[in-house]
Structure formats: C-alpha cells, structure tokens
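Novice: What follows is start_30.pdb, PDB, C-alpha atoms, pLDDT in the B column.
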```
ATOM      1  CA  MET O   1       1.243   4.690 -10.892  1.00 67.00           C
ATOM      2  CA  PRO O   2      -0.920   7.351  -9.271  1.00 88.00           C
ATOM      3  CA  ILE O   3      -2.062   5.039  -6.448  1.00 92.00           C
ATOM      4  CA  ALA O   4       0.567   4.615  -3.724  1.00 94.00           C
ATOM      5  CA  VAL O   5       0.375   1.699  -1.309  1.00 95.00           C
ATOM      6  CA  ASP O   6       1.429   2.342   2.298  1.00 96.00           C
ATOM      7  CA  ILE O   7       1.230  -1.167   3.727  1.00 96.00           C
ATOM      8  CA  ASP O   8       4.865  -0.861   4.853  1.00 95.00           C
ATOM      9  CA  VAL O   9       3.951   2.131   6.996  1.00 94.00           C
ATOM     10  CA  MET O  10       1.145   0.236   8.727  1.00 96.00           C
ATOM     11  CA  LEU O  11       3.328  -2.858   9.186  1.00 96.00           C
ATOM     12  CA  ALA O  12       5.984  -0.743  10.897  1.00 96.00           C
ATOM     13  CA  ARG O  13       3.399   0.946  13.142  1.00 96.00           C
ATOM     14  CA  ARG O  14       1.969  -2.441  14.133  1.00 96.00           C
ATOM     15  CA  LYS O  15       5.424  -4.065  14.428  1.00 97.00           C
ATOM     16  CA  MET O  16       4.196  -6.877  12.203  1.00 96.00           C
ATOM     17  CA  SER O  17       6.041  -8.855   9.542  1.00 96.00           C
ATOM     18  CA  VAL O  18       4.862  -9.362   5.971  1.00 95.00           C
ATOM     19  CA  GLY O  19       4.585 -13.093   6.631  1.00 96.00           C
ATOM     20  CA  GLU O  20       2.430 -12.593   9.710  1.00 97.00           C
ATOM     21  CA  LEU O  21       0.148 -10.167   7.862  1.00 98.00           C
ATOM     22  CA  ALA O  22      -0.194 -12.552   4.920  1.00 98.00           C
ATOM     23  CA  ASP O  23      -1.105 -15.425   7.272  1.00 98.00           C
ATOM     24  CA  ARG O  24      -3.651 -13.376   9.177  1.00 97.00           C
ATOM     25  CA  VAL O  25      -5.239 -11.951   6.008  1.00 97.00           C
ATOM     26  CA  GLY O  26      -5.267 -15.298   4.233  1.00 96.00           C
ATOM     27  CA  ILE O  27      -3.198 -14.454   1.162  1.00 96.00           C
ATOM     28  CA  THR O  28       0.200 -15.671   0.045  1.00 96.00           C
ATOM     29  CA  PRO O  29       3.278 -13.639   0.985  1.00 96.00           C
ATOM     30  CA  ALA O  30       4.021 -13.354  -2.758  1.00 96.00           C
ATOM     31  CA  ASN O  31       0.608 -11.793  -3.467  1.00 96.00           C
ATOM     32  CA  LEU O  32       0.994  -9.463  -0.501  1.00 96.00           C
ATOM     33  CA  ALA O  33       4.415  -8.413  -1.824  1.00 95.00           C
ATOM     34  CA  VAL O  34       2.882  -7.605  -5.239  1.00 96.00           C
ATOM     35  CA  LEU O  35       0.297  -5.408  -3.524  1.00 96.00           C
ATOM     36  CA  LYS O  36       2.768  -3.895  -1.068  1.00 94.00           C
ATOM     37  CA  ASN O  37       5.231  -2.936  -3.797  1.00 93.00           C
ATOM     38  CA  GLY O  38       2.583  -1.236  -5.927  1.00 91.00           C
ATOM     39  CA  ARG O  39       2.694  -3.791  -8.736  1.00 94.00           C
ATOM     40  CA  ALA O  40      -0.904  -5.008  -8.325  1.00 94.00           C
ATOM     41  CA  LYS O  41      -3.377  -4.093 -11.046  1.00 93.00           C
ATOM     42  CA  ALA O  42      -6.366  -4.603  -8.741  1.00 94.00           C
ATOM     43  CA  VAL O  43      -7.277  -5.456  -5.167  1.00 95.00           C
ATOM     44  CA  ARG O  44     -10.452  -7.185  -4.077  1.00 96.00           C
ATOM     45  CA  PHE O  45     -12.574  -5.349  -1.560  1.00 97.00           C
ATOM     46  CA  ALA O  46     -12.581  -8.511   0.582  1.00 97.00           C
ATOM     47  CA  THR O  47      -8.764  -8.411   0.677  1.00 97.00           C
ATOM     48  CA  LEU O  48      -8.744  -4.690   1.443  1.00 97.00           C
ATOM     49  CA  ALA O  49     -11.294  -5.237   4.216  1.00 98.00           C
ATOM     50  CA  ALA O  50      -9.207  -8.073   5.683  1.00 98.00           C
ATOM     51  CA  LEU O  51      -6.073  -5.915   5.601  1.00 98.00           C
ATOM     52  CA  CYS O  52      -7.930  -3.108   7.370  1.00 98.00           C
ATOM     53  CA  GLU O  53      -9.321  -5.493   9.975  1.00 98.00           C
ATOM     54  CA  VAL O  54      -5.944  -7.073  10.759  1.00 97.00           C
ATOM     55  CA  LEU O  55      -4.073  -3.754  10.735  1.00 97.00           C
ATOM     56  CA  ASP O  56      -6.907  -1.900  12.533  1.00 97.00           C
ATOM     57  CA  CYS O  57      -6.950   0.893   9.974  1.00 97.00           C
ATOM     58  CA  GLN O  58      -9.007   2.503   7.232  1.00 97.00           C
ATOM     59  CA  PRO O  59      -8.528   1.921   3.465  1.00 97.00           C
ATOM     60  CA  GLY O  60      -7.142   5.453   3.186  1.00 96.00           C
ATOM     61  CA  ASP O  61      -4.355   4.472   5.573  1.00 97.00           C
ATOM     62  CA  LEU O  62      -3.217   1.858   3.038  1.00 97.00           C
ATOM     63  CA  LEU O  63      -3.931   3.550  -0.308  1.00 96.00           C
ATOM     64  CA  ARG O  64      -3.472   7.118  -1.464  1.00 95.00           C
ATOM     65  CA  TRP O  65      -3.598   8.951  -4.768  1.00 94.00           C
ATOM     66  CA  GLU O  66      -0.536  10.847  -5.960  1.00 91.00           C
ATOM     67  CA  ASP O  67      -0.639  13.437  -8.728  1.00 85.00           C
ATOM     68  CA  GLU O  68       1.830  12.082 -11.288  1.00 76.00           C
ATOM     69  CA  GLN O  69       2.096  15.409 -13.119  1.00 72.00           C
ATOM     70  CA  ALA O  70       3.067  17.237  -9.937  1.00 63.00           C
ATOM     71  CA  GLU O  71       5.599  14.520  -9.155  1.00 62.00           C
ATOM     72  CA  GLU O  72       7.136  14.759 -12.655  1.00 65.00           C
ATOM     73  CA  ALA O  73       7.347  18.552 -12.404  1.00 65.00           C
ATOM     74  CA  GLU O  74       9.014  18.255  -9.005  1.00 65.00           C
ATOM     75  CA  ASP O  75      11.522  15.742 -10.376  1.00 67.00           C
ATOM     76  CA  ALA O  76      12.289  18.001 -13.345  1.00 69.00           C
ATOM     77  CA  ALA O  77      12.835  20.973 -11.012  1.00 69.00           C
ATOM     78  CA  GLN O  78      15.331  18.973  -8.941  1.00 73.00           C
ATOM     79  CA  VAL O  79      17.324  18.035 -12.039  1.00 73.00           C
ATOM     80  CA  ARG O  80      17.897  21.684 -12.947  1.00 66.00           C
TER      81      ARG O  80
END
```
Spell out the structure here as structure tokens.

Specialist:
Amino acid sequence: MPIAVDIDVMLARRKMSVGELADRVGITPANLAVLKNGRAKAVRFATLAALCEVLDCQPGDLLRWEDEQAEEAEDAAQVR
C-alpha cells in the first residue's frame, strides 16, 4: 500500500504503549493495531485528530506516501 503508517515511531518517541494510546484516543487496541499495521482501509478524521492530540504531532508524522514503483524497482535491483 502506498500509504505507510508510522504510529510505532511516535509511540517509541513518546514512550507510550499501544494499550495506553488506544485508551487515551478512545478506540479498541484491536482497531489501533489494524491502523498501526497498515491494514486499515480508511481512518476517520476524528480518529486522526485524536491520535495527533494524544501524541502531540501532526498527521504527516503518522502517515506518509511511498512510491510503490520506486520501491519495486529498488527491490528488483537488490535481487540482482
């Protein structure tokens, strides 16, 4: 998926557990895990805003776009 989720990075910087973040944001740990592991198909702006508020960050600190074609070309180059 071209959108990478960096919640783990922010959790490590804030020395916060997934369970604590889920409690403070108001979502289940299972739903946070789906988002954190990049398996979510969508995220509500209210959830994104709550994550940013709790983690004291910007949406761009949590989500970033990756060029899949560049990644595939890089992987193919490493195989050779």

Novice: Counting only C-alpha atoms, what is within 9 Å of segment 58-63 of chain O, bar same-chain residues fewer than 4 positions away, as a compact mmCIF listing (two decimals) with C-alpha atoms, in the coordinates of the input?

Specialist:
```txt
# COMPACT_ATOMS: atom_id res chain seq x y z
CA ILE O 3 -2.06 5.04 -6.45
CA ALA O 4 0.57 4.62 -3.72
CA VAL O 5 0.38 1.70 -1.31
CA ASP O 6 1.43 2.34 2.30
CA ILE O 7 1.23 -1.17 3.73
CA ASP O 8 4.86 -0.86 4.85
CA VAL O 9 3.95 2.13 7.00
CA MET O 10 1.14 0.24 8.73
CA LEU O 48 -8.74 -4.69 1.44
CA ALA O 49 -11.29 -5.24 4.22
CA LEU O 51 -6.07 -5.92 5.60
CA CYS O 52 -7.93 -3.11 7.37
CA GLU O 53 -9.32 -5.49 9.98
```

Novice: Do a neighbour search on segment 14-18 of chain O at 8 Å with only C-alpha atoms, toss out local chain neighbours closer than 4 positions, and write the hits as a list in words.

Specialist: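 After dropping sequence-adjacent residues, the list is Met10, Ala22, Pro29, Leu32, Ala33 and Leu55 of chain O.
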
Novice: Would you mind exporting the chosen residues as a compact mmCIF listing (two decimals), in the frame of the given file, restricted to C-alpha atoms?

Specialist:
```
# COMPACT_ATOMS: atom_id res chain seq x y z
CA MET O 10 1.14 0.24 8.73
CA ALA O 22 -0.19 -12.55 4.92
CA PRO O 29 3.28 -13.64 0.98
CA LEU O 32 0.99 -9.46 -0.50
CA ALA O 33 4.42 -8.41 -1.82
CA LEU O 55 -4.07 -3.75 10.74
```

Novice: Would you mind telling me which residue in O:Leu21, O:Val79, O:Ile27, O:Ala12 lies nearest to Thr47 of chain O when using all atoms listed in the file?

Specialist: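 Ranked by minimum distance to Thr47 of chain O, first place goes to O:Ile27.
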
Novice: Enter the distance from atom CA of Asp56 of chain O to atom CA of Asn31 of chain O, in Å, rounded to one decimal.

Specialist: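 Computing it gives 20.3 Å between the two atoms.
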
Novice: Looking at all atoms listed in the file, which of O:Glu68, O:Val25, O:Gln78, O:Leu11 is the one that sits closest to Ala46 of chain O?

Specialist: O:Val25

Novice: So how far away is atom CA of Arg64 of chain O from atom CA of Gly26 of chain O, in Å?

Specialist: 23.2 Å

Novice: Grab the atom CA of Arg13 of chain O to atom CA of Asp67 of chain O distance for me, in Å with one decimal place.

Specialist: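 Atom CA of Asp67 of chain O lies at a distance of 25.5 Å from atom CA of Arg13 of chain O.
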
Novice: Adding 6 Å on each side of the box along x, y and z that holds all listed atoms of segment 59-68 of chain O, could you give its centre and edge lengths in Å to one decimal, as JSON?

Specialist:
```
{"center_x": -3.3, "center_y": 7.6, "center_z": -2.9, "size_x": 22.4, "size_y": 23.6, "size_z": 28.9}
```
